[in-house]
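**Q** Sharing data.csv (CSV, C-alpha atoms) below.
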```
chain,number,residue,atom,x,y,z
A,1,MET,CA,0.0,0.0,0.0
A,2,GLU,CA,2.3,2.7,-1.3
A,3,ILE,CA,0.4,6.0,-1.8
A,4,ASN,CA,2.8,8.5,-3.3
A,5,LYS,CA,0.4,10.4,-5.6
A,6,PHE,CA,-2.3,12.9,-4.9
A,7,TYR,CA,-5.3,13.5,-7.1
A,8,ILE,CA,-5.6,17.1,-8.2
A,9,ASN,CA,-7.4,18.6,-11.2
A,10,GLY,CA,-8.2,15.2,-12.7
A,11,LYS,CA,-4.6,13.9,-12.6
A,12,TRP,CA,-2.3,11.9,-10.4
A,13,VAL,CA,0.4,14.3,-9.3
A,14,THR,CA,3.6,14.1,-7.3
A,15,PRO,CA,3.1,15.9,-3.9
A,16,ASN,CA,5.2,18.8,-2.9
A,17,GLY,CA,5.5,17.3,0.6
A,18,SER,CA,8.2,14.7,1.1
A,19,GLU,CA,7.5,13.2,4.6
A,20,LYS,CA,6.2,9.6,4.5
A,21,ILE,CA,3.8,8.3,7.1
A,22,ASP,CA,3.9,4.6,7.8
A,23,ILE,CA,0.7,2.5,7.5
A,24,TYR,CA,0.4,-0.4,9.9
A,25,ASN,CA,-1.9,-3.4,10.0
A,26,PRO,CA,-3.3,-3.2,13.5
A,27,ALA,CA,-4.0,-6.9,13.7
A,28,THR,CA,-0.3,-7.8,13.2
A,29,GLU,CA,1.4,-4.5,14.1
A,30,GLU,CA,3.4,-4.9,10.8
A,31,LYS,CA,4.1,-2.0,8.4
A,32,VAL,CA,2.0,-2.6,5.3
A,33,GLY,CA,2.8,0.6,3.4
A,34,GLN,CA,3.4,4.4,3.4
A,35,VAL,CA,1.5,7.5,2.4
A,36,VAL,CA,3.2,10.8,1.5
A,37,SER,CA,2.2,13.7,3.7
A,38,GLY,CA,1.4,16.9,1.9
A,39,ASN,CA,2.2,20.5,2.8
A,40,GLU,CA,0.7,23.9,2.3
A,41,ASP,CA,1.7,24.0,-1.4
A,42,ASP,CA,-0.3,20.8,-2.0
A,43,VAL,CA,-3.3,22.4,-0.3
A,44,ASN,CA,-3.0,25.5,-2.5
A,45,ALA,CA,-2.8,23.4,-5.6
A,46,ALA,CA,-5.9,21.4,-4.7
A,47,VAL,CA,-7.9,24.4,-3.7
A,48,HIS,CA,-6.8,26.2,-6.8
A,49,ALA,CA,-8.1,23.3,-8.9
A,50,ALA,CA,-11.4,23.2,-7.0
A,51,SER,CA,-11.9,27.0,-7.4
A,52,ASN,CA,-11.3,26.8,-11.1
A,53,ALA,CA,-13.8,23.9,-11.4
A,54,PHE,CA,-16.5,25.4,-9.3
A,55,ALA,CA,-18.3,27.2,-12.1
A,56,VAL,CA,-18.4,24.0,-14.2
A,57,ALA,CA,-19.6,21.9,-11.2
A,58,ALA,CA,-22.3,24.4,-10.4
A,59,ASN,CA,-23.6,24.4,-13.9
A,60,LEU,CA,-23.9,20.6,-14.2
A,61,SER,CA,-27.4,19.6,-15.1
A,62,LEU,CA,-29.4,17.4,-12.8
A,63,THR,CA,-29.0,14.6,-15.3
A,64,GLU,CA,-25.2,15.0,-15.4
A,65,ARG,CA,-25.0,15.0,-11.6
A,66,LYS,CA,-27.1,11.8,-11.4
A,67,THR,CA,-24.8,10.3,-14.0
A,68,VAL,CA,-21.7,11.0,-12.0
A,69,LEU,CA,-23.3,9.6,-8.8
A,70,GLN,CA,-24.3,6.4,-10.6
A,71,GLU,CA,-20.9,6.0,-12.2
A,72,ILE,CA,-19.2,6.2,-8.8
A,73,LEU,CA,-21.7,3.7,-7.4
A,74,ASP,CA,-21.1,1.3,-10.2
A,75,GLY,CA,-17.4,1.7,-9.9
A,76,MET,CA,-17.5,1.0,-6.2
A,77,MET,CA,-19.4,-2.2,-6.8
A,78,GLU,CA,-16.7,-3.4,-9.2
A,79,ARG,CA,-14.0,-2.6,-6.6
A,80,ARG,CA,-15.9,-4.0,-3.6
A,81,SER,CA,-13.4,-6.7,-2.7
A,82,ASP,CA,-10.5,-4.2,-3.1
A,83,LEU,CA,-12.2,-1.7,-0.9
A,84,ALA,CA,-13.0,-4.3,1.8
A,85,GLN,CA,-9.5,-5.6,1.8
A,86,ALA,CA,-8.0,-2.1,2.2
A,87,ILE,CA,-10.3,-1.2,5.1
A,88,SER,CA,-9.6,-4.5,6.9
A,89,GLU,CA,-5.9,-4.2,6.4
A,90,GLU,CA,-5.5,-0.6,7.4
A,91,MET,CA,-8.0,-0.2,10.2
A,92,GLY,CA,-8.6,-3.8,11.4
A,93,ALA,CA,-12.2,-4.3,10.6
A,94,PRO,CA,-13.2,-7.9,10.3
A,95,LEU,CA,-13.0,-8.6,6.5
A,96,LYS,CA,-16.6,-9.9,6.4
A,97,MET,CA,-17.8,-6.7,8.1
A,98,ALA,CA,-15.6,-4.5,5.9
A,99,GLY,CA,-17.2,-6.0,2.8
A,100,SER,CA,-20.8,-5.6,4.2
A,101,ALA,CA,-21.2,-2.8,6.7
A,102,GLN,CA,-18.1,-0.7,6.0
A,103,PHE,CA,-18.6,-1.0,2.2
A,104,GLY,CA,-22.4,-0.7,2.4
A,105,ALA,CA,-22.2,2.4,4.5
A,106,GLY,CA,-20.3,4.1,1.7
A,107,THR,CA,-22.5,3.0,-1.2
A,108,ILE,CA,-25.8,3.8,0.6
A,109,HIS,CA,-25.1,7.5,0.5
A,110,PHE,CA,-24.9,7.4,-3.3
A,111,LYS,CA,-28.1,5.2,-3.5
A,112,ASN,CA,-30.0,7.6,-1.1
A,113,THR,CA,-28.8,10.7,-2.9
A,114,LEU,CA,-30.0,9.3,-6.2
A,115,ALA,CA,-33.3,8.3,-4.6
A,116,VAL,CA,-34.1,11.9,-3.4
A,117,ILE,CA,-32.3,14.2,-5.9
A,118,ASP,CA,-35.2,14.3,-8.3
A,119,ASP,CA,-37.6,15.7,-5.7
A,120,PHE,CA,-35.2,18.1,-4.1
A,121,LYS,CA,-36.3,21.7,-4.7
A,122,PHE,CA,-33.3,23.7,-6.0
A,123,GLN,CA,-35.7,26.6,-6.5
A,124,GLU,CA,-38.8,27.4,-4.4
A,125,ILE,CA,-41.3,30.2,-4.9
A,126,HIS,CA,-43.2,31.6,-1.9
A,127,ASP,CA,-45.6,34.4,-2.8
A,128,ASN,CA,-43.5,36.8,-4.7
A,129,ILE,CA,-40.2,35.5,-3.3
A,130,THR,CA,-37.9,33.1,-5.1
A,131,ILE,CA,-35.5,31.0,-3.0
A,132,ASN,CA,-32.6,29.4,-4.9
A,133,ASN,CA,-30.6,26.7,-3.2
A,134,LEU,CA,-27.1,27.2,-4.6
A,135,PRO,CA,-23.8,25.4,-4.1
A,136,ILE,CA,-21.8,27.1,-1.5
A,137,GLY,CA,-18.5,27.0,-3.3
A,138,PRO,CA,-15.3,24.9,-3.0
A,139,VAL,CA,-15.6,22.8,0.2
A,140,GLY,CA,-12.8,21.2,2.3
A,141,MET,CA,-13.6,17.8,3.7
A,142,ILE,CA,-11.6,16.1,6.4
A,143,THR,CA,-12.5,12.6,7.4
A,144,PRO,CA,-11.6,10.1,10.2
A,145,TRP,CA,-10.2,6.6,10.3
A,146,ASN,CA,-13.0,4.6,12.0
A,147,TRP,CA,-15.4,4.5,9.0
A,148,PRO,CA,-13.0,5.5,6.2
A,149,LEU,CA,-15.3,5.0,3.2
A,150,ASN,CA,-18.6,6.0,4.8
A,151,GLN,CA,-17.5,9.4,5.9
A,152,ILE,CA,-16.0,10.3,2.6
A,153,CYS,CA,-18.9,9.1,0.6
A,154,THR,CA,-21.6,10.9,2.7
A,155,LYS,CA,-19.8,14.2,2.1
A,156,ILE,CA,-19.0,13.9,-1.6
A,157,ALA,CA,-22.3,12.4,-2.6
A,158,SER,CA,-24.0,15.5,-1.2
A,159,ALA,CA,-21.4,17.8,-2.8
A,160,ILE,CA,-21.9,16.3,-6.2
A,161,ALA,CA,-25.7,16.6,-5.9
A,162,ALA,CA,-25.4,20.2,-4.8
A,163,GLY,CA,-23.0,20.9,-7.7
A,164,THR,CA,-20.0,22.1,-5.8
A,165,SER,CA,-16.3,21.3,-6.1
A,166,PHE,CA,-14.3,20.0,-3.2
A,167,VAL,CA,-11.0,18.9,-1.6
A,168,VAL,CA,-10.8,15.7,0.5
A,169,LYS,CA,-8.2,14.9,3.1
A,170,PRO,CA,-8.7,11.4,4.5
A,171,SER,CA,-7.2,10.2,7.7
A,172,GLU,CA,-3.5,9.5,7.3
A,173,ILE,CA,-4.1,6.3,9.3
A,174,THR,CA,-6.5,4.8,6.7
A,175,PRO,CA,-5.7,6.3,3.2
A,176,GLY,CA,-6.0,3.1,1.2
A,177,ALA,CA,-9.8,2.9,0.7
A,178,ALA,CA,-9.8,6.6,-0.1
A,179,HIS,CA,-7.1,6.1,-2.8
A,180,ILE,CA,-9.2,3.3,-4.4
A,181,LEU,CA,-12.2,5.6,-4.4
A,182,ALA,CA,-10.2,8.2,-6.2
A,183,GLU,CA,-9.3,5.6,-8.8
A,184,VAL,CA,-13.0,4.9,-9.2
A,185,ILE,CA,-13.8,8.6,-9.6
A,186,HIS,CA,-11.0,9.1,-12.1
A,187,GLU,CA,-12.9,6.8,-14.5
A,188,THR,CA,-16.1,8.7,-14.3
A,189,SER,CA,-17.4,11.7,-16.3
A,190,MET,CA,-16.9,14.1,-13.3
A,191,PRO,CA,-15.3,17.4,-14.5
A,192,LYS,CA,-11.6,17.8,-13.8
A,193,GLY,CA,-10.9,19.7,-10.6
A,194,MET,CA,-14.4,19.1,-9.1
A,195,PHE,CA,-12.9,16.3,-6.9
A,196,ASN,CA,-9.4,16.6,-5.4
A,197,MET,CA,-7.7,14.4,-2.8
A,198,ILE,CA,-4.6,15.1,-0.8
A,199,HIS,CA,-3.1,13.3,2.2
A,200,GLY,CA,-1.3,14.3,5.3
A,201,HIS,CA,-1.3,15.2,9.0
A,202,GLY,CA,-4.3,17.1,10.3
A,203,ALA,CA,-2.1,19.6,12.1
A,204,VAL,CA,-0.5,20.5,8.7
A,205,VAL,CA,-2.8,19.8,5.8
A,206,GLY,CA,-6.0,20.0,7.8
A,207,ARG,CA,-5.0,23.3,9.3
A,208,ALA,CA,-4.0,24.7,5.9
A,209,MET,CA,-7.4,23.8,4.6
A,210,SER,CA,-9.2,25.4,7.6
A,211,THR,CA,-7.4,28.7,7.1
A,212,HIS,CA,-7.5,28.8,3.2
A,213,PRO,CA,-9.4,31.8,2.0
A,214,ASP,CA,-10.7,30.2,-1.1
A,215,LEU,CA,-12.5,27.3,0.7
A,216,GLU,CA,-16.0,28.5,1.5
A,217,MET,CA,-16.7,25.7,3.9
A,218,ILE,CA,-15.0,22.9,6.0
A,219,SER,CA,-16.9,19.7,6.7
A,220,PHE,CA,-15.1,17.7,9.4
A,221,THR,CA,-15.8,14.4,11.1
A,222,GLY,CA,-13.5,13.4,14.0
A,223,SER,CA,-12.4,14.3,17.5
A,224,THR,CA,-13.7,17.2,19.5
A,225,ARG,CA,-10.1,18.4,20.0
A,226,ALA,CA,-9.5,18.7,16.3
A,227,GLY,CA,-13.0,20.1,15.7
A,228,ILE,CA,-12.2,23.0,18.1
A,229,ASP,CA,-8.9,23.7,16.3
A,230,ILE,CA,-10.6,23.7,12.9
A,231,GLN,CA,-13.4,26.1,14.0
A,232,LYS,CA,-10.9,28.5,15.6
A,233,HIS,CA,-8.7,28.7,12.4
A,234,ALA,CA,-11.7,28.8,10.1
A,235,ALA,CA,-13.1,31.8,11.9
A,236,ASP,CA,-10.6,34.2,10.5
A,237,ASN,CA,-12.1,33.7,7.0
A,238,ILE,CA,-15.7,33.5,8.3
A,239,LYS,CA,-16.2,30.2,6.4
A,240,ARG,CA,-19.0,27.9,7.2
A,241,VAL,CA,-18.0,24.9,9.4
A,242,SER,CA,-19.8,21.6,9.8
A,243,LEU,CA,-18.6,19.5,12.6
A,244,GLU,CA,-19.5,15.9,13.5
A,245,LEU,CA,-17.6,15.1,16.6
A,246,GLY,CA,-17.3,12.4,19.3
A,247,GLY,CA,-20.1,11.1,21.3
A,248,LYS,CA,-21.1,9.3,24.5
A,249,SER,CA,-24.4,7.8,23.5
A,250,PRO,CA,-26.7,6.5,26.2
A,251,ASN,CA,-28.9,3.3,26.0
A,252,LEU,CA,-31.8,3.7,28.4
A,253,ILE,CA,-33.3,0.4,29.7
A,254,LEU,CA,-36.8,0.7,31.1
A,255,ASP,CA,-38.7,-1.6,33.5
A,256,ASP,CA,-41.1,-3.1,31.0
A,257,VAL,CA,-38.3,-4.1,28.5
A,258,ASP,CA,-37.5,-7.6,27.3
A,259,LEU,CA,-34.2,-7.5,29.3
A,260,GLU,CA,-32.5,-10.3,27.4
A,261,ALA,CA,-33.2,-8.9,24.0
A,262,ALA,CA,-32.5,-5.3,24.9
A,263,VAL,CA,-29.2,-5.9,26.6
A,264,THR,CA,-27.9,-8.3,24.0
A,265,MET,CA,-28.9,-5.9,21.2
A,266,GLY,CA,-27.3,-3.0,23.1
A,267,MET,CA,-24.1,-4.9,23.5
A,268,LYS,CA,-23.9,-5.7,19.7
A,269,GLN,CA,-24.6,-2.1,18.9
A,270,CYS,CA,-22.0,-0.8,21.3
A,271,PHE,CA,-19.3,-3.3,20.2
A,272,PHE,CA,-20.0,-3.2,16.5
A,273,ASN,CA,-16.9,-2.0,14.5
A,274,THR,CA,-15.0,-3.0,17.7
A,275,GLY,CA,-16.7,-0.1,19.5
A,276,GLN,CA,-15.1,2.4,17.2
A,277,SER,CA,-18.1,4.6,16.3
A,278,CYS,CA,-19.1,7.9,17.7
A,279,SER,CA,-22.7,6.6,17.9
A,280,SER,CA,-21.8,3.5,20.0
A,281,PRO,CA,-24.1,3.4,23.1
A,282,THR,CA,-21.3,3.0,25.6
A,283,ARG,CA,-23.5,3.9,28.6
A,284,MET,CA,-26.3,1.5,29.4
A,285,LEU,CA,-28.6,3.0,32.1
A,286,VAL,CA,-30.3,0.1,33.9
A,287,PRO,CA,-32.9,0.2,36.7
A,288,GLN,CA,-31.1,-0.7,40.0
A,289,HIS,CA,-33.3,-3.8,40.6
A,290,MET,CA,-32.4,-5.2,37.1
A,291,LEU,CA,-28.7,-4.5,37.3
A,292,LYS,CA,-27.6,-8.0,38.4
A,293,ASP,CA,-29.5,-9.7,35.6
A,294,ALA,CA,-28.5,-7.1,33.0
A,295,THR,CA,-24.8,-7.6,34.0
A,296,GLU,CA,-25.1,-11.3,33.5
A,297,ILE,CA,-26.6,-10.9,30.1
A,298,ALA,CA,-24.0,-8.4,29.1
A,299,VAL,CA,-21.2,-10.6,30.2
A,300,ASN,CA,-22.6,-13.6,28.3
A,301,ALA,CA,-23.0,-11.4,25.2
A,302,ALA,CA,-19.4,-10.1,25.5
A,303,GLU,CA,-17.9,-13.6,25.9
A,304,ALA,CA,-19.8,-14.9,22.9
A,305,MET,CA,-18.1,-12.3,20.6
A,306,LEU,CA,-15.1,-13.8,19.0
A,307,THR,CA,-12.0,-11.5,19.1
A,308,GLY,CA,-9.2,-12.2,16.7
A,309,ASP,CA,-8.0,-12.5,13.1
A,310,PRO,CA,-10.0,-10.1,10.9
A,311,LYS,CA,-9.7,-12.6,8.1
A,312,ASN,CA,-11.7,-15.2,10.1
A,313,GLU,CA,-15.4,-15.0,9.0
A,314,GLU,CA,-16.5,-15.8,12.6
A,315,THR,CA,-14.6,-12.8,14.0
A,316,PHE,CA,-16.8,-10.1,15.5
A,317,LEU,CA,-14.2,-7.9,17.2
A,318,GLY,CA,-11.1,-7.0,15.4
A,319,PRO,CA,-8.2,-4.9,16.7
A,320,ILE,CA,-8.3,-1.2,17.6
A,321,SER,CA,-7.3,0.8,14.5
A,322,ASN,CA,-4.0,2.2,15.8
A,323,LYS,CA,-1.5,2.1,18.7
A,324,THR,CA,-2.4,5.6,20.0
A,325,GLN,CA,-6.1,4.7,20.3
A,326,TYR,CA,-5.3,1.3,21.7
A,327,GLU,CA,-3.3,2.9,24.5
A,328,LYS,CA,-6.1,5.3,25.2
A,329,VAL,CA,-8.6,2.5,25.6
A,330,GLN,CA,-6.3,0.6,27.9
A,331,THR,CA,-5.8,3.7,30.0
A,332,LEU,CA,-9.6,4.2,30.3
A,333,ILE,CA,-10.1,0.6,31.3
A,334,GLN,CA,-7.6,1.0,34.1
A,335,ASP,CA,-9.2,4.3,35.1
A,336,GLY,CA,-12.5,2.4,35.5
A,337,ILE,CA,-10.8,-0.1,37.8
A,338,ASP,CA,-9.0,2.5,39.8
A,339,GLU,CA,-12.2,4.6,40.3
A,340,GLY,CA,-14.0,1.6,41.8
A,341,ALA,CA,-16.3,0.4,39.0
A,342,ASP,CA,-17.1,-3.3,39.2
A,343,LEU,CA,-15.3,-5.1,36.4
A,344,ALA,CA,-17.7,-7.8,35.3
A,345,CYS,CA,-15.5,-9.2,32.5
A,346,GLY,CA,-12.5,-8.2,30.4
A,347,GLY,CA,-10.0,-5.7,31.7
A,348,VAL,CA,-6.6,-4.4,30.6
A,349,GLY,CA,-4.3,-6.3,28.2
A,350,ARG,CA,-5.0,-8.5,25.2
A,351,PRO,CA,-7.5,-11.3,25.1
A,352,ASP,CA,-6.1,-14.7,25.9
A,353,GLY,CA,-4.2,-16.3,23.0
A,354,LEU,CA,-3.3,-13.1,21.3
A,355,ASP,CA,0.2,-11.9,21.9
A,356,LYS,CA,0.3,-9.2,19.2
A,357,GLY,CA,-2.0,-6.7,17.6
A,358,PHE,CA,-4.0,-3.9,19.1
A,359,PHE,CA,-6.7,-6.2,20.5
A,360,VAL,CA,-8.8,-5.3,23.5
A,361,ARG,CA,-10.5,-7.7,25.8
A,362,PRO,CA,-14.3,-7.1,25.5
A,363,THR,CA,-15.0,-5.3,28.7
A,364,VAL,CA,-18.1,-4.8,30.8
A,365,PHE,CA,-18.1,-2.5,33.8
A,366,THR,CA,-21.1,-2.6,36.1
A,367,ASN,CA,-22.3,-0.4,39.0
A,368,VAL,CA,-20.7,2.5,37.3
A,369,GLN,CA,-21.3,5.9,38.8
A,370,ASN,CA,-22.0,8.8,36.4
A,371,ASP,CA,-19.1,10.9,37.5
A,372,MET,CA,-16.5,8.3,36.8
A,373,THR,CA,-14.1,8.9,33.9
A,374,ILE,CA,-15.4,5.9,31.9
A,375,ALA,CA,-19.0,7.3,32.1
A,376,GLN,CA,-17.9,10.7,30.9
A,377,GLU,CA,-15.1,10.1,28.3
A,378,GLU,CA,-15.6,8.7,24.9
A,379,ILE,CA,-14.2,5.1,24.7
A,380,PHE,CA,-13.4,4.1,21.1
A,381,GLY,CA,-13.2,0.3,21.9
A,382,PRO,CA,-15.3,-2.7,23.1
A,383,VAL,CA,-16.0,-1.3,26.6
A,384,ILE,CA,-19.5,-0.7,28.0
A,385,CYS,CA,-20.6,0.9,31.3
A,386,LEU,CA,-23.8,-0.3,33.1
A,387,ILE,CA,-25.0,2.6,35.2
A,388,PRO,CA,-27.8,1.9,37.7
A,389,TYR,CA,-30.6,4.3,38.4
A,390,ASN,CA,-33.6,4.2,40.8
A,391,ASP,CA,-35.9,6.8,39.3
A,392,ILE,CA,-36.2,8.0,35.7
A,393,ASP,CA,-36.2,11.6,36.9
A,394,GLU,CA,-32.6,11.2,38.1
```
As structure tokens - that is how I would like this structure written.
**A**
Amino acid sequence: MEINKFYINGKWVTPNGSEKIDIYNPATEEKVGQVVSGNEDDVNAAVHAASNAFAVAANLSLTERKTVLQEILDGMMERRSDLAQAISEEMGAPLKMAGSAQFGAGTIHFKNTLAVIDDFKFQEIHDNITINNLPIGPVGMITPWNWPLNQICTKIASAIAAGTSFVVKPSEITPGAAHILAEVIHETSMPKGMFNMIHGHGAVVGRAMSTHPDLEMISFTGSTRAGIDIQKHAADNIKRVSLELGGKSPNLILDDVDLEAAVTMGMKQCFFNTGQSCSSPTRMLVPQHMLKDATEIAVNAAEAMLTGDPKNEETFLGPISNKTQYEKVQTLIQDGIDEGADLACGGVGRPDGLDKGFFVRPTVFTNVQNDMTIAQEEIFGPVICLIPYNDIDE
């Protein structure tokens, strides 16, 4: 997986940046490739191409926009196995899941956009007022590593439908699937310069995009820390900023629930994608009198989830995507233990039988208090907190 070209103005070009970022397979901790990190000159080149292409993009007919969307969808279907393999290798998703949920989450945005675009009102008339919904202008898009195809596709499908040009910076941790998507787009009828892709560190490339005066908008999905940085730097140009940041989603269990079904489903939803989703319901709020039974069900569900080789079709939990995130998860598990939460199963370290890879033991904490670190901080891993309550008003 050697990515040494950027896609700018309809061509594969040699970056101005020279630093190389190593790509690791998180299941083996082995280096599997490199990606060149861009610099401010690369950002300028990509934005210049997007700016020049904006007028063409904005004047695409509805039929032409739909054609491009369909061409990308068709091309992705042809490269399905390649995309799944890249996602599995670079971020550790079980291969079966990468070829279904990870891939499907990308394609669904093109399918949904095609389904609604004909009925979208680009112009509306109210009394004697005409409202035109126009493309905003060149957009900068910065995407994360946990759903590497999904997050790019949701942004660019909407941009194509709106008729705007854009510059994409995927996560430097998971650039492979994005590179394949760029290869797919290269074969479509999309006007040159409408789509541009560059790679690099967020602190360098992402910041240069945030401050660039010719990008009218930044669309960012990722950490709250990076989102704050982007919003601060974008403010000087008064550009629009759309942020989709981390979460700490609750799962509220009520007294009249089918406890077995609800807790088991909640566990699967939380641990899906190895818990690496901002929507993972990592806090399960359980009536105090049901806590013991809920804990037993949660432990049984966790122990039934096979952790291991992403290539194994039976694997449900792969590794954490990268070493930095793995260490954060381990620290948070230890915090839970140190702060007095009851460890029902799992804990620090790798699962038994795994001596390498960024694998986390599926972990259930019970009798968690809401002021504990694990109840407040986002945990991007297979860790869930069962928090008891006595009254719904609390």
**Q** Restricting the calculation to all atoms listed in the file, which member of A:Lys356, A:Arg207, A:His48, A:Lys20 is positioned closest to Lys5 of chain A?
**A** A:Lys20
**Q** Report the distance between atom CA of Met76 of chain A and atom CA of Glu183 of chain A in Å, rounded to one decimal place.
**A**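 So the two atoms, atom CA of Met76 of chain A and atom CA of Glu183 of chain A, lie 9.8 Å apart.
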**Q** Contacts of segment 35-38 of chain A at 12 Å or less, counting all atoms listed in the file, minus same-chain residues fewer than 6 places along, as a compact mmCIF listing (two decimals) with C-alpha atoms, keeping the file's coordinate frame?
**A**
```txt
# COMPACT_ATOMS: atom_id res chain seq x y z
CA MET A 1 0.00 0.00 0.00
CA GLU A 2 2.30 2.70 -1.30
CA ILE A 3 0.40 6.00 -1.80
CA ASN A 4 2.80 8.50 -3.30
CA LYS A 5 0.40 10.40 -5.60
CA PHE A 6 -2.30 12.90 -4.90
CA TYR A 7 -5.30 13.50 -7.10
CA VAL A 13 0.40 14.30 -9.30
CA THR A 14 3.60 14.10 -7.30
CA PRO A 15 3.10 15.90 -3.90
CA ASN A 16 5.20 18.80 -2.90
CA GLY A 17 5.50 17.30 0.60
CA SER A 18 8.20 14.70 1.10
CA GLU A 19 7.50 13.20 4.60
CA LYS A 20 6.20 9.60 4.50
CA ILE A 21 3.80 8.30 7.10
CA ASP A 22 3.90 4.60 7.80
CA ILE A 23 0.70 2.50 7.50
CA TYR A 24 0.40 -0.40 9.90
CA ASN A 44 -3.00 25.50 -2.50
CA ALA A 45 -2.80 23.40 -5.60
CA ALA A 46 -5.90 21.40 -4.70
CA GLU A 90 -5.50 -0.60 7.40
CA LYS A 169 -8.20 14.90 3.10
CA PRO A 170 -8.70 11.40 4.50
CA SER A 171 -7.20 10.20 7.70
CA GLU A 172 -3.50 9.50 7.30
CA ILE A 173 -4.10 6.30 9.30
CA THR A 174 -6.50 4.80 6.70
CA PRO A 175 -5.70 6.30 3.20
CA GLY A 176 -6.00 3.10 1.20
CA ALA A 178 -9.80 6.60 -0.10
CA HIS A 179 -7.10 6.10 -2.80
CA MET A 197 -7.70 14.40 -2.80
CA ILE A 198 -4.60 15.10 -0.80
CA HIS A 199 -3.10 13.30 2.20
CA GLY A 200 -1.30 14.30 5.30
CA HIS A 201 -1.30 15.20 9.00
CA GLY A 202 -4.30 17.10 10.30
CA ALA A 203 -2.10 19.60 12.10
CA VAL A 204 -0.50 20.50 8.70
CA VAL A 205 -2.80 19.80 5.80
CA GLY A 206 -6.00 20.00 7.80
CA ARG A 207 -5.00 23.30 9.30
CA ALA A 208 -4.00 24.70 5.90
CA MET A 209 -7.40 23.80 4.60
```
**Q** If we count all atoms listed in the file and set the cut-off at 8 Å, which residues sit around Pro287 of chain A, ignoring sequence neighbours fewer than 3 positions away in its own chain? Please answer as a VMD selection string.
**A** chain A and resid 253 to 255 290 to 291 388 to 391
**Q** A:Gln269, A:Asn59, A:Asn322, A:Thr282: which is nearest Asn25 of chain A, counting only C-alpha atoms?
**A**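 Checking each candidate against Asn25 of chain A, we get A:Asn322 as the closest.
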**Q** Which value, in Å to one decimal, gives the distance between atom CA of Thr324 of chain A and atom CA of Gly353 of chain A?
**A**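 Between atom CA of Thr324 of chain A and atom CA of Gly353 of chain A the gap is 22.2 Å.
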**Q** Any idea what the distance is between atom CA of Asn196 of chain A and atom CA of Trp12 of chain A?
**A**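 Result for atom CA of Asn196 of chain A versus atom CA of Trp12 of chain A: 9.9 Å, one decimal.
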**Q** Rank nothing, just name the residue among A:Val32, A:Ala84, A:Leu69, A:Leu343 nearest to Lys96 of chain A, using all atoms listed in the file.
**A**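 Distance minimum relative to Lys96 of chain A lands on A:Ala84.
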**Q** How close does each residue of segment 171-269 of chain A get to segment 295-298 of chain A, giving the shortest atom pair and distance in Å to one decimal for every residue with an atom at most 9 Å away, counting only C-alpha atoms, sorted by chain and residue number, as CSV?
**A**
```
residue,atom,partner,partner_atom,distance
A:Leu259,CA,A:Ile297,CA,8.4
A:Glu260,CA,A:Ile297,CA,6.5
A:Val263,CA,A:Ala298,CA,6.3
A:Thr264,CA,A:Ala298,CA,6.4
A:Gly266,CA,A:Ala298,CA,8.7
A:Met267,CA,A:Ala298,CA,6.6
```
**Q** Which residues, written as a VMD selection string, have at least one atom at most 7 Å from segment 149-158 of chain A, with only C-alpha atoms counted and residues fewer than 2 positions away on the same chain left out?
**A** chain A and resid 69 102 to 103 105 to 106 109 to 110 113 143 147 160 to 162 177 to 178
**Q** Considering all atoms listed in the file, can you say which of A:Asp342, A:Arg79, A:Gln325, A:Asp127 comes closest to Ile374 of chain A?
**A** A:Asp342
**Q** Quick one: residues within 12 Å of Ser81 of chain A, all atoms listed in the file counted, chain neighbours fewer than 4 positions away excluded, as a compact mmCIF listing (two decimals) with C-alpha atoms, keeping the file's coordinate frame?
**A**
```txt
# COMPACT_ATOMS: atom_id res chain seq x y z
CA GLY A 75 -17.40 1.70 -9.90
CA MET A 76 -17.50 1.00 -6.20
CA MET A 77 -19.40 -2.20 -6.80
CA GLN A 85 -9.50 -5.60 1.80
CA ALA A 86 -8.00 -2.10 2.20
CA ILE A 87 -10.30 -1.20 5.10
CA SER A 88 -9.60 -4.50 6.90
CA LEU A 95 -13.00 -8.60 6.50
CA LYS A 96 -16.60 -9.90 6.40
CA MET A 97 -17.80 -6.70 8.10
CA ALA A 98 -15.60 -4.50 5.90
CA GLY A 99 -17.20 -6.00 2.80
CA SER A 100 -20.80 -5.60 4.20
CA GLN A 102 -18.10 -0.70 6.00
CA PHE A 103 -18.60 -1.00 2.20
CA GLY A 104 -22.40 -0.70 2.40
CA ALA A 177 -9.80 2.90 0.70
CA ILE A 180 -9.20 3.30 -4.40
```
**Q** Using all atoms listed in the file, can you tell me which of A:Ile238, A:Leu73, A:Leu252, A:Cys278 comes closest to Lys111 of chain A?
**A** A:Leu73
**Q** Restricting the calculation to only C-alpha atoms: of A:Gly222, A:Pro191, A:Gly140, A:Pro135, which residue gets closest to Val241 of chain A?
**A**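 Checking each of A:Gly222, A:Pro191, A:Gly140, A:Pro135 against Val241 of chain A, counting only C-alpha atoms, the winner is A:Gly140.
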